[in-house]
Amino acid sequence: MDTASYLRCFLRELDGFRACLTKGDLTVPIAYREDPDYPLDLAGLAARVGAANLFVAATVTDFSGADSPPDGTPPKTPDDRAELVRWVEGTGEVLVMALDTEPGTPAWGFYTPPNAGHWQRSIAVETMLHRWDAEQALGEPGPLDPELSGEGITEVFDVLAPRQIGRGKAWPPDACIRLDATDTEDWWTFGPGDPVAEVRGTAADLLLLLRGRKTAYDEAFAWSGERNTALSVLKGPLT
C-alpha cells in the first residue's frame with residue numbers, strides 16, 4: 001500500500017471511530033487493554049486515539065535527528081461528548097497533514113526504519129483496531145479491511161515482534177509456524193526452519209489473534225501440525 005492508501009484507510013477508520021463516540025455510551029468498558037491492570041472505557045480510548053494521533057504527527061513534524069521522542073504527555077481531553085468528537089477529528093487532521101509526505105521522510109521512531117512510512121502503516125492499522133474495539137464494546141463490531149489487515153500482520157512479524165524480543169520482553173521463537181489468510185491468499189512464517197504448524201483464517205481474524213483480540217481457540221481458526229508448539233511461539237508478547 002502507498003501513502004495515499006494508508007491515509008485513506010486512516011480517515012475511514014477514524015470516521016468509524018468517531019461514529020462510535022457520537023452515538024455510543026462513553027462509559028462502556030473496552031475489552032482489550034494494553035495494560036491488563038488499567039481498565040479503559042470508550043471515552044478513555046478516545047483520549048488514547050487522539051493522543052496517539054498527535055504523537056505520531058510530532059514524530060515527523062518535530063523530528064530533529066535526536067534520539068529522544070517527541071513529548072508524549074497525554075493532553076487534557078474534553079469531557080463534553082461533542083467537544084470530544086471535535087477534538088478527535090482535529091487530531092486526525094493534524095496527523096494527515098504531517099504524514100502526507102514521502103514514506104522515506106525521516107521521522108523519530110521506536111522501530112526500524114524510523115521514517116514516515118512506518119507511521120503511515122502503523123497508525124492506519126492501529127486506528128482500525130481501535131475502531132473495532134469501540135464497535136465491539138457497543139455490540140456492533142464491523143469488518144476489518146483484508147488488505148490493511150495483511151499489512152498489520154506483516155508489521156507484527158517484521159517490526160513489533162523483533163522489538164519485543166530485542167527488549168527482552170519475548171523469547172525468540174524456537175520453531176516456525178505458518179499463517180495462511182484464506183481470503184487474500186497471503187501467508188507468513190515466523191520462526192526458524194520449516195513450519196511445524198499452520199493456522200488458517202481470514203487476514204482480519206489472524207490480525208485480531210496476533211494483536212490480542214481473539215484467542216487461538218476461536219472457531220475462526222483451523223489448525224494443523226504441532227499446535228502446542230505453535231501456541232508457545234505465539235505466546236509472546238509479540239506486540
# chains A, B, ... in the order shown; residues from 1 in each chain; ligands from 1
>>> residues_around(residues="A:Ala46", least_positions_apart="4", cutoff="9 Å", atoms="only C-alpha atoms", output="PyMOL selection string")
chain A and resi 17-18+21+41-42+50-51+77+84-85+88+130
>>> residues_around(residues="stretch 214-221 of chain A", least_positions_apart="2", cutoff="6 Å", atoms="only C-alpha atoms", output="MDAnalysis selection string")
chainID A and resid 200:201 208:209 212
>>> closest_residue(among="A:Glu135, A:Asp2, A:Glu151, A:Asp79", to="A:Ala181", atoms="only C-alpha atoms")
A:Glu151
>>> select_by_dssp(residues="stretch 23-208 of chain A", states="strand (DSSP E)", output="list in words")
Cys176, Ile177, Arg178, Leu179, Asp180, Ala181, Trp187, Trp188, Thr189, Phe190, Pro195, Val196, Ala197, Glu198, Val199, Arg200 and Gly201 of chain A
>>> residues_around(residues="stretch 6-9 of chain A", least_positions_apart="2", cutoff="10 Å", atoms="only C-alpha atoms", output="compact mmCIF listing (two decimals) with all heavy atoms, in the first residue's frame")
# COMPACT_ATOMS: atom_id res chain seq x y z
N MET A 1 0.84 -1.19 0.00
CA MET A 1 0.00 0.00 0.00
C MET A 1 0.87 1.25 0.00
O MET A 1 1.95 1.26 0.61
CB MET A 1 -0.92 0.01 1.23
CG MET A 1 -1.91 -1.16 1.27
SD MET A 1 -2.96 -1.19 2.73
CE MET A 1 -4.03 0.20 2.40
N ASP A 2 0.42 2.31 -0.66
CA ASP A 2 1.19 3.54 -0.72
C ASP A 2 0.66 4.55 0.29
O ASP A 2 -0.30 4.29 1.02
CB ASP A 2 1.19 4.12 -2.13
CG ASP A 2 -0.22 4.42 -2.65
OD1 ASP A 2 -1.17 4.43 -1.84
OD2 ASP A 2 -0.36 4.65 -3.86
N THR A 3 1.30 5.72 0.32
CA THR A 3 0.93 6.76 1.29
C THR A 3 -0.54 7.13 1.21
O THR A 3 -1.25 7.17 2.22
CB THR A 3 1.80 8.01 1.07
OG1 THR A 3 3.16 7.69 1.32
CG2 THR A 3 1.36 9.14 1.99
N ALA A 4 -1.02 7.37 -0.01
CA ALA A 4 -2.41 7.79 -0.18
C ALA A 4 -3.37 6.71 0.33
O ALA A 4 -4.39 7.01 0.96
CB ALA A 4 -2.70 8.11 -1.65
N LEU A 11 -8.35 7.70 7.57
CA LEU A 11 -9.51 8.59 7.65
C LEU A 11 -10.81 7.79 7.73
O LEU A 11 -11.72 8.17 8.46
CB LEU A 11 -9.52 9.54 6.46
CG LEU A 11 -8.44 10.64 6.49
CD1 LEU A 11 -8.40 11.38 5.16
CD2 LEU A 11 -8.68 11.60 7.64
N ARG A 12 -10.90 6.72 6.97
CA ARG A 12 -12.09 5.88 7.02
C ARG A 12 -12.27 5.26 8.41
O ARG A 12 -13.37 5.27 8.97
CB ARG A 12 -11.96 4.77 5.98
CG ARG A 12 -13.14 3.79 5.94
CD ARG A 12 -12.79 2.58 5.13
NE ARG A 12 -11.74 1.78 5.75
CZ ARG A 12 -10.81 1.11 5.08
NH1 ARG A 12 -10.78 1.15 3.76
NH2 ARG A 12 -9.90 0.40 5.73
N GLU A 13 -11.20 4.76 8.97
CA GLU A 13 -11.29 4.12 10.28
C GLU A 13 -11.53 5.15 11.39
O GLU A 13 -12.28 4.88 12.33
CB GLU A 13 -10.01 3.32 10.56
CG GLU A 13 -9.74 2.20 9.58
CD GLU A 13 -10.84 1.16 9.55
OE1 GLU A 13 -11.56 0.99 10.57
OE2 GLU A 13 -11.01 0.49 8.51
N LEU A 14 -10.94 6.32 11.26
CA LEU A 14 -11.18 7.36 12.25
C LEU A 14 -12.63 7.82 12.19
O LEU A 14 -13.24 8.11 13.23
CB LEU A 14 -10.24 8.54 12.04
CG LEU A 14 -10.25 9.59 13.16
CD1 LEU A 14 -9.67 8.99 14.45
CD2 LEU A 14 -9.47 10.85 12.77
N ASP A 15 -13.20 7.86 10.99
CA ASP A 15 -14.60 8.23 10.86
C ASP A 15 -15.50 7.18 11.52
O ASP A 15 -16.50 7.54 12.17
CB ASP A 15 -14.96 8.38 9.38
CG ASP A 15 -16.36 8.95 9.18
OD1 ASP A 15 -16.61 10.07 9.65
OD2 ASP A 15 -17.20 8.26 8.58
N LEU A 95 -2.68 14.86 12.05
CA LEU A 95 -1.90 13.70 11.66
C LEU A 95 -1.80 13.58 10.15
O LEU A 95 -0.71 13.32 9.62
CB LEU A 95 -2.53 12.44 12.25
CG LEU A 95 -1.77 11.17 11.85
CD1 LEU A 95 -1.05 10.56 13.03
CD2 LEU A 95 -2.68 10.16 11.22
N VAL A 96 -2.91 13.75 9.45
CA VAL A 96 -2.88 13.62 7.99
C VAL A 96 -1.97 14.66 7.37
O VAL A 96 -1.20 14.36 6.44
CB VAL A 96 -4.31 13.72 7.42
CG1 VAL A 96 -4.26 13.85 5.90
CG2 VAL A 96 -5.12 12.49 7.80
N MET A 97 -2.00 15.88 7.86
CA MET A 97 -1.11 16.92 7.33
C MET A 97 0.36 16.53 7.54
O MET A 97 1.20 16.77 6.68
CB MET A 97 -1.41 18.26 8.00
CG MET A 97 -2.69 18.90 7.52
SD MET A 97 -2.89 20.62 8.10
CE MET A 97 -3.13 20.34 9.85
N LEU A 99 1.61 13.37 7.92
CA LEU A 99 2.00 12.13 7.25
C LEU A 99 1.79 12.15 5.74
O LEU A 99 2.13 11.18 5.06
CB LEU A 99 1.24 10.95 7.84
CG LEU A 99 1.60 10.53 9.26
CD1 LEU A 99 0.91 9.22 9.64
CD2 LEU A 99 3.11 10.37 9.43
N ASP A 100 1.24 13.23 5.21
CA ASP A 100 1.06 13.35 3.76
C ASP A 100 2.39 13.74 3.14
O ASP A 100 2.58 14.86 2.66
CB ASP A 100 -0.03 14.37 3.44
CG ASP A 100 -0.41 14.37 1.97
OD1 ASP A 100 0.03 13.45 1.24
OD2 ASP A 100 -1.14 15.28 1.54
N GLY A 117 7.02 6.41 6.53
CA GLY A 117 6.35 5.23 6.00
C GLY A 117 5.96 4.25 7.09
O GLY A 117 4.89 3.62 7.01
N TRP A 119 5.12 5.00 10.16
CA TRP A 119 3.97 5.55 10.89
C TRP A 119 2.72 5.55 10.05
O TRP A 119 1.61 5.42 10.58
CB TRP A 119 4.30 6.94 11.41
CG TRP A 119 5.35 6.93 12.47
CD1 TRP A 119 6.62 7.42 12.39
CD2 TRP A 119 5.22 6.39 13.80
NE1 TRP A 119 7.30 7.21 13.56
CE2 TRP A 119 6.46 6.59 14.45
CE3 TRP A 119 4.19 5.76 14.49
CZ2 TRP A 119 6.68 6.17 15.76
CZ3 TRP A 119 4.40 5.35 15.79
CH2 TRP A 119 5.64 5.56 16.41
N GLN A 120 2.86 5.73 8.72
CA GLN A 120 1.68 5.69 7.85
C GLN A 120 0.97 4.34 7.98
O GLN A 120 -0.26 4.29 8.12
CB GLN A 120 2.09 5.94 6.40
CG GLN A 120 2.54 7.36 6.13
CD GLN A 120 3.31 7.50 4.82
OE1 GLN A 120 3.56 6.51 4.12
NE2 GLN A 120 3.69 8.72 4.48
N ARG A 121 1.73 3.27 7.94
CA ARG A 121 1.14 1.93 8.08
C ARG A 121 0.67 1.70 9.51
O ARG A 121 -0.46 1.25 9.74
CB ARG A 121 2.15 0.86 7.69
CG ARG A 121 1.63 -0.56 7.93
CD ARG A 121 2.58 -1.61 7.43
NE ARG A 121 3.80 -1.69 8.21
CZ ARG A 121 4.75 -2.60 8.02
NH1 ARG A 121 4.63 -3.50 7.04
NH2 ARG A 121 5.84 -2.61 8.77
N SER A 122 1.51 2.03 10.46
CA SER A 122 1.23 1.70 11.85
C SER A 122 -0.04 2.37 12.35
O SER A 122 -0.90 1.73 12.99
CB SER A 122 2.41 2.11 12.73
OG SER A 122 2.17 1.81 14.09
N ILE A 123 -0.22 3.66 12.07
CA ILE A 123 -1.37 4.37 12.62
C ILE A 123 -2.66 3.96 11.90
O ILE A 123 -3.73 3.95 12.50
CB ILE A 123 -1.17 5.90 12.56
CG1 ILE A 123 -2.14 6.61 13.49
CG2 ILE A 123 -1.26 6.43 11.14
CD1 ILE A 123 -1.92 6.33 14.96
N ALA A 124 -2.56 3.60 10.62
CA ALA A 124 -3.75 3.11 9.91
C ALA A 124 -4.23 1.80 10.52
O ALA A 124 -5.43 1.62 10.77
CB ALA A 124 -3.45 2.94 8.42
N VAL A 125 -3.30 0.88 10.78
CA VAL A 125 -3.66 -0.41 11.39
C VAL A 125 -4.19 -0.19 12.80
O VAL A 125 -5.21 -0.76 13.20
CB VAL A 125 -2.45 -1.35 11.40
CG1 VAL A 125 -2.77 -2.62 12.20
CG2 VAL A 125 -2.03 -1.72 9.98
N THR A 127 -5.57 2.44 14.19
CA THR A 127 -6.88 3.08 14.22
C THR A 127 -7.97 2.10 13.83
O THR A 127 -9.08 2.12 14.40
CB THR A 127 -6.89 4.31 13.29
OG1 THR A 127 -5.81 5.18 13.65
CG2 THR A 127 -8.19 5.07 13.40
N MET A 128 -7.68 1.22 12.88
CA MET A 128 -8.66 0.19 12.51
C MET A 128 -8.95 -0.72 13.71
O MET A 128 -10.11 -1.05 13.98
CB MET A 128 -8.13 -0.64 11.34
CG MET A 128 -9.06 -1.77 10.91
SD MET A 128 -8.52 -2.63 9.40
CE MET A 128 -6.99 -3.42 9.97
N ASP A 145 -10.60 -4.33 7.10
CA ASP A 145 -10.15 -4.33 5.71
C ASP A 145 -9.12 -5.45 5.52
O ASP A 145 -8.11 -5.48 6.21
CB ASP A 145 -9.53 -2.97 5.38
CG ASP A 145 -9.03 -2.90 3.96
OD1 ASP A 145 -7.86 -3.26 3.72
OD2 ASP A 145 -9.81 -2.50 3.08
N LEU A 148 -5.45 -4.13 4.57
CA LEU A 148 -4.81 -3.45 5.68
C LEU A 148 -4.51 -4.44 6.80
O LEU A 148 -3.48 -4.31 7.49
CB LEU A 148 -5.69 -2.31 6.19
CG LEU A 148 -5.07 -1.41 7.26
CD1 LEU A 148 -3.78 -0.77 6.77
CD2 LEU A 148 -6.07 -0.33 7.70
>>> closest_residue(among="A:Pro237, A:Pro173, A:Gly152, A:Gly193", to="A:Leu207", atoms="only C-alpha atoms")
A:Gly152
>>> closest_residue(among="A:Val56, A:Leu26, A:Ala43, A:Leu179", to="A:Ser224", atoms="only C-alpha atoms")
A:Leu179
>>> residues_around(residues="A:Leu231", least_positions_apart="3", cutoff="12 Å", atoms="only C-alpha atoms", output="list of chain:residue names")
A:Pro173, A:Asp174, A:Ala175, A:Cys176, A:Ile177, A:Arg178, A:Val196, A:Ala197, A:Glu198, A:Val199, A:Leu209, A:Leu210, A:Thr215, A:Ala216, A:Tyr217, A:Trp223, A:Ser224, A:Gly225, A:Glu226, A:Arg227, A:Asn228, A:Leu234, A:Lys235, A:Gly236, A:Pro237
>>> atom_distance(atom1="atom CA of A:Leu40", atom2="atom CA of A:Pro78")
16.3 Å
